[in-house]
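target35.cif (mmCIF, C-alpha atoms and all ligand atoms)
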```cif
data_entry
#
loop_
_atom_site.label_atom_id
_atom_site.label_comp_id
_atom_site.auth_asym_id
_atom_site.auth_seq_id
_atom_site.Cartn_x
_atom_site.Cartn_y
_atom_site.Cartn_z
CA MET Y 1 14.11 15.82 -30.62
CA SER Y 2 14.94 16.19 -26.94
CA VAL Y 3 13.25 13.68 -24.65
CA THR Y 4 11.11 15.26 -21.91
CA VAL Y 5 9.16 14.03 -18.89
CA ARG Y 6 6.08 14.02 -21.10
CA ASP Y 7 7.77 11.55 -23.47
CA VAL Y 8 8.72 9.33 -20.53
CA ARG Y 9 5.11 9.28 -19.33
CA ALA Y 10 3.91 8.70 -22.91
CA PHE Y 11 6.00 5.51 -23.16
CA LYS Y 12 3.76 3.96 -20.54
CA GLU Y 13 0.55 5.41 -21.98
CA ARG Y 14 1.42 3.79 -25.34
CA GLY Y 15 2.54 0.54 -23.69
CA GLU Y 16 6.01 1.06 -25.18
CA ARG Y 17 8.92 -0.51 -23.27
CA PHE Y 18 11.96 1.77 -23.01
CA ALA Y 19 15.62 1.57 -22.07
CA MET Y 20 17.74 3.61 -19.70
CA LEU Y 21 21.50 3.18 -19.29
CA THR Y 22 23.86 4.70 -16.79
CA CYS Y 23 26.47 7.00 -18.28
CA TYR Y 24 29.31 9.02 -16.82
CA ASP Y 25 31.16 10.84 -19.62
CA ALA Y 26 30.55 12.88 -22.76
CA LEU Y 27 31.76 10.50 -25.48
CA SER Y 28 29.80 7.57 -24.10
CA ALA Y 29 26.76 9.84 -23.81
CA ARG Y 30 27.09 10.77 -27.45
CA LEU Y 31 27.25 7.10 -28.50
CA LEU Y 32 24.25 6.10 -26.38
CA ASP Y 33 22.33 9.14 -27.58
CA GLU Y 34 23.09 8.25 -31.21
CA ALA Y 35 21.94 4.69 -30.46
CA GLY Y 36 18.57 6.16 -29.45
CA ILE Y 37 18.71 5.44 -25.71
CA PRO Y 38 16.11 7.93 -24.41
CA LEU Y 39 17.26 8.18 -20.79
CA LEU Y 40 20.80 8.43 -19.44
CA LEU Y 41 21.26 8.08 -15.71
CA VAL Y 42 24.37 9.62 -14.20
CA GLY Y 43 24.07 7.15 -11.35
CA ASP Y 44 25.90 7.27 -8.07
CA THR Y 45 27.31 3.91 -9.23
CA LEU Y 46 29.91 6.37 -10.55
CA ALA Y 47 31.50 5.81 -7.13
CA MET Y 48 32.05 2.12 -7.88
CA VAL Y 49 32.47 1.65 -11.64
CA VAL Y 50 34.43 4.84 -12.37
CA LEU Y 51 36.01 5.96 -9.08
CA GLY Y 52 36.80 2.51 -7.68
CA HIS Y 53 34.98 2.72 -4.34
CA GLU Y 54 33.45 -0.38 -2.70
CA THR Y 55 29.98 1.19 -2.39
CA THR Y 56 28.10 4.21 -3.75
CA LEU Y 57 28.36 6.04 -0.43
CA PRO Y 58 31.59 8.07 -0.83
CA VAL Y 59 30.72 9.96 -4.03
CA THR Y 60 30.14 13.69 -3.49
CA VAL Y 61 27.71 16.18 -5.01
CA ASP Y 62 30.60 17.95 -6.76
CA GLU Y 63 31.86 14.70 -8.30
CA MET Y 64 28.34 13.83 -9.46
CA LEU Y 65 27.90 17.32 -10.96
CA HIS Y 66 31.25 17.08 -12.77
CA HIS Y 67 30.14 13.90 -14.55
CA THR Y 68 26.56 15.07 -15.11
CA ARG Y 69 27.91 18.13 -16.97
CA ALA Y 70 30.01 15.86 -19.16
CA VAL Y 71 27.05 13.63 -19.98
CA ARG Y 72 24.91 16.69 -20.73
CA ARG Y 73 27.57 17.95 -23.17
CA GLY Y 74 27.58 14.59 -24.98
CA ALA Y 75 23.84 13.90 -25.02
CA LYS Y 76 21.97 15.81 -27.68
CA ASP Y 77 18.48 14.40 -27.25
CA ALA Y 78 18.58 12.02 -24.30
CA PHE Y 79 16.89 12.89 -21.01
CA VAL Y 80 19.66 13.21 -18.41
CA VAL Y 81 18.93 11.98 -14.88
CA GLY Y 82 21.19 13.26 -12.10
CA ASP Y 83 21.43 10.94 -9.10
CA LEU Y 84 21.46 12.64 -5.69
CA PRO Y 85 24.31 11.01 -3.75
CA PHE Y 86 24.24 9.70 -0.19
CA MET Y 87 23.72 12.41 2.44
CA SER Y 88 22.97 15.14 -0.10
CA TYR Y 89 19.22 15.00 0.72
CA GLN Y 90 18.82 12.87 3.85
CA GLY Y 91 19.83 15.63 6.29
CA SER Y 92 17.12 18.20 5.63
CA ILE Y 93 14.55 19.23 3.04
CA ASP Y 94 16.36 22.52 2.41
CA GLU Y 95 19.65 20.75 1.76
CA GLY Y 96 17.88 18.32 -0.60
CA ILE Y 97 16.27 21.15 -2.56
CA HIS Y 98 19.54 23.07 -2.73
CA ASN Y 99 21.52 20.07 -4.00
CA ALA Y 100 18.82 18.95 -6.44
CA GLY Y 101 18.68 22.47 -7.84
CA ARG Y 102 22.41 22.38 -8.53
CA PHE Y 103 21.93 19.35 -10.82
CA LEU Y 104 19.53 21.34 -13.02
CA LYS Y 105 21.18 24.76 -12.76
CA GLU Y 106 24.86 23.83 -12.88
CA ALA Y 107 24.90 20.54 -14.78
CA GLY Y 108 21.92 20.64 -17.15
CA ALA Y 109 20.21 17.53 -15.77
CA ASN Y 110 16.54 17.13 -16.68
CA CYS Y 111 15.57 15.63 -13.34
CA VAL Y 112 17.01 14.14 -10.19
CA LYS Y 113 16.75 10.62 -8.82
CA LEU Y 114 16.64 9.85 -5.12
CA GLU Y 115 16.24 6.70 -3.04
CA GLY Y 116 13.64 5.78 -0.46
CA GLY Y 117 9.94 5.79 0.42
CA GLY Y 118 8.15 7.46 3.31
CA ARG Y 119 11.10 9.51 4.50
CA VAL Y 120 11.51 11.31 1.13
CA LEU Y 121 7.83 12.05 0.37
CA GLU Y 122 7.90 15.63 1.55
CA LEU Y 123 11.09 16.30 -0.37
CA VAL Y 124 9.62 14.75 -3.54
CA SER Y 125 6.59 16.98 -3.23
CA ARG Y 126 8.66 20.13 -2.57
CA LEU Y 127 11.02 19.40 -5.48
CA THR Y 128 8.14 18.73 -7.86
CA HIS Y 129 6.48 21.98 -6.83
CA SER Y 130 9.79 23.78 -7.37
CA GLY Y 131 9.93 22.54 -10.97
CA ILE Y 132 12.43 19.74 -10.38
CA PRO Y 133 11.11 16.42 -11.73
CA VAL Y 134 11.87 13.45 -9.50
CA MET Y 135 12.63 9.86 -10.42
CA ALA Y 136 12.06 7.76 -7.29
CA HIS Y 137 13.93 4.54 -6.42
CA LEU Y 138 12.62 1.65 -4.28
CA GLY Y 139 13.57 -1.95 -3.48
CA LEU Y 140 17.30 -2.45 -3.09
CA THR Y 141 18.40 1.14 -2.56
CA PRO Y 142 22.21 0.88 -2.45
CA GLN Y 143 22.68 3.99 -0.30
CA SER Y 144 21.09 1.92 2.51
CA VAL Y 145 23.45 -1.04 2.08
CA ASN Y 146 24.60 -0.75 5.69
CA GLN Y 147 21.02 -0.74 6.90
CA PHE Y 148 20.17 -3.80 4.75
CA GLY Y 149 23.34 -5.64 5.80
CA GLY Y 150 24.36 -6.29 2.18
CA TYR Y 151 23.00 -6.20 -1.36
CA ARG Y 152 19.93 -8.41 -1.03
CA VAL Y 153 16.70 -8.83 -2.97
CA GLN Y 154 14.02 -6.72 -1.25
CA GLY Y 155 10.26 -7.25 -0.94
CA ARG Y 156 10.30 -11.03 -0.61
CA GLY Y 157 7.98 -11.33 2.40
CA ASP Y 158 4.38 -10.07 2.44
CA GLU Y 159 5.15 -7.24 4.82
CA GLU Y 160 8.11 -5.89 2.80
CA ALA Y 161 6.18 -6.30 -0.47
CA HIS Y 162 3.20 -4.44 0.97
CA GLN Y 163 5.50 -1.63 2.15
CA ILE Y 164 7.11 -1.25 -1.29
CA LEU Y 165 3.70 -1.12 -2.98
CA LYS Y 166 2.50 1.44 -0.45
CA ASP Y 167 5.66 3.56 -0.87
CA ALA Y 168 5.35 3.40 -4.66
CA LYS Y 169 1.80 4.75 -4.53
CA SER Y 170 2.80 7.47 -2.06
CA LEU Y 171 5.75 8.55 -4.24
CA GLU Y 172 3.45 8.81 -7.24
CA ALA Y 173 0.98 10.86 -5.18
CA ALA Y 174 3.85 13.11 -4.00
CA GLY Y 175 4.68 13.92 -7.63
CA ALA Y 176 7.43 11.50 -8.75
CA PHE Y 177 7.19 11.09 -12.54
CA SER Y 178 8.85 7.66 -12.66
CA LEU Y 179 10.12 4.96 -10.34
CA VAL Y 180 13.19 2.72 -10.41
CA LEU Y 181 12.56 -0.71 -8.88
CA GLU Y 182 15.79 -2.49 -8.01
CA ALA Y 183 16.20 -6.16 -7.05
CA VAL Y 184 12.62 -7.08 -6.21
CA PRO Y 185 10.69 -10.21 -7.19
CA ALA Y 186 9.10 -10.03 -10.65
CA ASP Y 187 5.56 -10.53 -9.30
CA LEU Y 188 5.91 -7.56 -6.98
CA ALA Y 189 7.34 -5.39 -9.79
CA LYS Y 190 4.37 -6.43 -11.93
CA GLU Y 191 1.91 -5.48 -9.23
CA VAL Y 192 3.60 -2.11 -8.61
CA THR Y 193 3.75 -1.39 -12.35
CA GLY Y 194 0.06 -2.24 -12.75
CA SER Y 195 -0.90 -0.07 -9.78
CA LEU Y 196 0.83 3.11 -10.97
CA GLU Y 197 0.20 5.56 -13.78
CA ILE Y 198 3.85 6.64 -13.79
CA PRO Y 199 6.35 4.34 -15.52
CA THR Y 200 8.49 1.90 -13.55
CA ILE Y 201 12.07 1.17 -14.63
CA GLY Y 202 13.41 -2.15 -13.43
CA ILE Y 203 16.89 -3.42 -12.65
CA GLY Y 204 16.76 -6.97 -11.38
CA ALA Y 205 12.97 -6.62 -11.19
CA GLY Y 206 11.94 -9.01 -13.97
CA PRO Y 207 10.25 -8.42 -17.31
CA HIS Y 208 7.04 -6.62 -16.31
CA THR Y 209 8.32 -3.10 -15.59
CA ASP Y 210 7.73 -0.36 -18.17
CA GLY Y 211 11.44 0.24 -18.72
CA GLN Y 212 14.74 -1.46 -17.94
CA VAL Y 213 18.02 0.04 -16.79
CA LEU Y 214 21.53 -1.42 -16.69
CA VAL Y 215 24.88 -0.05 -15.58
CA PHE Y 216 27.12 0.95 -18.52
CA HIS Y 217 30.17 -1.06 -17.44
CA ASP Y 218 28.05 -4.15 -16.69
CA PHE Y 219 26.10 -4.29 -19.94
CA LEU Y 220 29.29 -3.79 -21.97
CA GLY Y 221 31.20 -6.49 -20.07
CA ILE Y 222 33.81 -4.08 -18.70
CA THR Y 223 33.02 -4.89 -15.06
CA GLN Y 224 35.08 -7.92 -14.06
CA GLY Y 225 34.16 -10.77 -11.69
CA LYS Y 226 30.79 -12.16 -10.71
CA LEU Y 227 27.83 -9.98 -11.54
CA PRO Y 228 24.26 -10.18 -10.23
CA ARG Y 229 22.10 -12.64 -12.20
CA PHE Y 230 19.96 -9.89 -13.75
CA VAL Y 231 22.92 -8.44 -15.68
CA LYS Y 232 23.16 -9.38 -19.34
CA ARG Y 233 26.48 -8.58 -21.01
CA TYR Y 234 25.78 -7.23 -24.50
CA ALA Y 235 29.50 -6.99 -25.34
CA ASN Y 236 32.81 -8.15 -23.89
CA LEU Y 237 34.72 -4.89 -23.87
CA GLY Y 238 36.73 -5.95 -20.81
CA ASP Y 239 38.36 -8.74 -22.84
CA ASP Y 240 38.73 -6.44 -25.86
CA ILE Y 241 40.47 -3.73 -23.82
CA ARG Y 242 42.86 -6.22 -22.20
CA ALA Y 243 43.71 -7.81 -25.58
CA ALA Y 244 44.19 -4.42 -27.27
CA ALA Y 245 46.50 -3.24 -24.48
CA GLN Y 246 48.57 -6.46 -24.71
CA THR Y 247 48.85 -6.12 -28.50
CA PHE Y 248 49.89 -2.45 -28.19
CA ALA Y 249 52.55 -3.28 -25.61
CA ALA Y 250 53.86 -6.18 -27.71
CA GLU Y 251 54.02 -4.03 -30.87
CA VAL Y 252 55.87 -1.27 -29.03
CA ALA Y 253 58.32 -3.82 -27.60
CA GLY Y 254 58.76 -5.46 -31.01
CA GLY Y 255 59.21 -2.14 -32.84
CA THR Y 256 56.28 -2.71 -35.20
CA TYR Y 257 54.32 0.27 -33.85
CA PRO Y 258 54.46 3.00 -35.02
CA GLY Y 259 54.73 1.92 -38.67
CA PRO Y 260 55.37 4.23 -41.62
CA GLU Y 261 51.61 4.91 -41.94
CA HIS Y 262 51.61 6.36 -38.40
CA THR Y 263 54.72 8.47 -38.93
CA TYR Y 264 55.10 12.06 -40.20
CA GLU Y 265 57.64 12.43 -43.01
O1 LIG Y 301 23.28 4.63 -9.45
C1 LIG Y 301 22.84 3.89 -10.32
O2 LIG Y 301 23.51 3.56 -11.30
C2 LIG Y 301 21.47 3.38 -10.15
C3 LIG Y 301 21.01 2.31 -11.07
C4 LIG Y 301 21.63 1.01 -10.72
C5 LIG Y 301 19.54 2.25 -11.14
O3 LIG Y 301 20.79 3.82 -9.29
#
```
Kindly present the structure from the file in structure tokens form.
Amino acid sequence: MSVTVRDVRAFKERGERFAMLTCYDALSARLLDEAGIPLLLVGDTLAMVVLGHETTLPVTVDEMLHHTRAVRRGAKDAFVVGDLPFMSYQGSIDEGIHNAGRFLKEAGANCVKLEGGGRVLELVSRLTHSGIPVMAHLGLTPQSVNQFGGYRVQGRGDEEAHQILKDAKSLEAAGAFSLVLEAVPADLAKEVTGSLEIPTIGIGAGPHTDGQVLVFHDFLGITQGKLPRFVKRYANLGDDIRAAAQTFAAEVAGGTYPGPEHTYE
């Protein structure tokens, strides 16, 4: 059965931990859906892990919609979250509502996700009242990487921690139905989670959030190089892909592929 916002809220009410994964294409969506992952986030990490950019900033609304449609086509039951990219909602409330609406109307997303605290409260409220559920995102919000001066853990000092807690409560009051907490100390994530009725979904936020999210290419070991310490690789597909490609090339060079079983008479 299709997952709805009510199911997401019910996870927390029942004290049931839940998983979200990022996803960017239809076949992967189908696999994750079949695996029972209830939430698929078409994250703006698309910019980095699929399109090869250095940050999430360059990805456009049209690129995000293109991939959200694909994920929607592949996901039968999963709740599809469309991520509003950088500068698609920061300029004005009207622009934010227009772009968020496109994710539901044109791409079949079930909700949108957006980053930030105080500055997005009015937009969150207007979207919610327009029938567009909002997943909020606090802590390390990668669209503000230039403002932060790098990808750093947020909320370490008392003042920053207090601000994140305050923003979380305000986002809940404005109508957000869930909250991503990225790269914050576990104690702060625990406090935020305990202070809210809506579920929190952590990434680098320790074990006390209601849900956990990882990036598809990270959790499958496709992303190469050093990863943040919170990432656990559940497979080593990067090595598998490299080895398979080398074997294919060697078999083609050696004339052993295609064999008779791959050949039409
Ligand atoms: O864009 C994204 O993939 C995200 C997750 C890392 C939470 O925002």
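The protein and nucleic acid residues lying at most 8 Å from Asn236 in chain Y are Y:Leu220, Y:Gly221, Y:Ile222, Y:Asp240, with only C-alpha atoms considered and sequence neighbours fewer than 4 positions away removed.
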As a quick test: using only C-alpha atoms and all ligand atoms, which residues lie no more than 7 Å away from ligand LIG 301 (chain Y)? Give them as an mmCIF file with C-alpha atoms, in the coordinates of the input.
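File written: part11.cif
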```cif
data_model
loop_
_atom_site.group_PDB
_atom_site.id
_atom_site.type_symbol
_atom_site.label_atom_id
_atom_site.label_comp_id
_atom_site.auth_asym_id
_atom_site.auth_seq_id
_atom_site.Cartn_x
_atom_site.Cartn_y
_atom_site.Cartn_z
ATOM 1 C CA THR Y 22 23.860 4.700 -16.790
ATOM 2 C CA LEU Y 41 21.260 8.080 -15.710
ATOM 3 C CA VAL Y 42 24.370 9.620 -14.200
ATOM 4 C CA GLY Y 43 24.070 7.150 -11.350
ATOM 5 C CA ASP Y 44 25.900 7.270 -8.070
ATOM 6 C CA THR Y 45 27.310 3.910 -9.230
ATOM 7 C CA LEU Y 46 29.910 6.370 -10.550
ATOM 8 C CA ASP Y 83 21.430 10.940 -9.100
ATOM 9 C CA VAL Y 180 13.190 2.720 -10.410
ATOM 10 C CA GLU Y 182 15.790 -2.490 -8.010
ATOM 11 C CA ILE Y 203 16.890 -3.420 -12.650
ATOM 12 C CA VAL Y 213 18.020 0.040 -16.790
ATOM 13 C CA LEU Y 214 21.530 -1.420 -16.690
ATOM 14 C CA VAL Y 215 24.880 -0.050 -15.580
#
```
Please identify every residue of range 182-224 of chain Y that has at least one atom no farther than 8 Å from an atom of range 160-165 of chain Y, counting all atoms listed in the file, and for each give the shortest atom pair and the distance in Å to one decimal, arranged by chain then increasing number, as JSON lines.
```
{"residue": "Y:Leu188", "atom": "CA", "partner": "Y:Ala161", "partner_atom": "CA", "distance": 6.6}
{"residue": "Y:Glu191", "atom": "CA", "partner": "Y:Leu165", "partner_atom": "CA", "distance": 7.8}
{"residue": "Y:Val192", "atom": "CA", "partner": "Y:Leu165", "partner_atom": "CA", "distance": 5.7}
```
Open item on the list: Taking only C-alpha atoms into account, name the residue in Y:Met87, Y:Glu34, Y:Ala245, Y:Gly82 that is nearest to Thr60 in chain Y.
Closed with: Y:Met87
TODO: Give me the residues within 10 Å of Asp94 in chain Y as a ChimeraX atom specification, counting only C-alpha atoms and dropping any in the same chain fewer than 4 places off.
DONE: /Y:89,98-100,123,126
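Proximity to Gly175 in chain Y was assessed for Y:Val50, Y:Ile198, Y:Leu114, Y:Ala35 counting only C-alpha atoms; the smallest distance is recorded for Y:Ile198.
Going from CA of Val61 in chain Y over to CA of Met20 in chain Y, you cover 21.8 Å.
You will find CA of Ile201 in chain Y at 25.4 Å from CA of Ile93 in chain Y.
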TODO: Name all residues at most 7 Å from range 135-144 of chain Y (count only C-alpha atoms; drop same-chain ones fewer than 2 positions away) and give them as number ranges by chain.
DONE: Y: 56-57, 86, 112-117, 133, 146-148, 152-155, 164, 176-184
TODO: Write out as a ChimeraX atom specification which residues come within 9 Å of Gly108 in chain Y when counting all atoms listed in the file, dropping same-chain ones fewer than 5 positions away.
DONE: /Y:68-69,72-73,80,82,102-103
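The space between CA of Pro258 in chain Y and CA of Ser28 in chain Y spans 27.4 Å.
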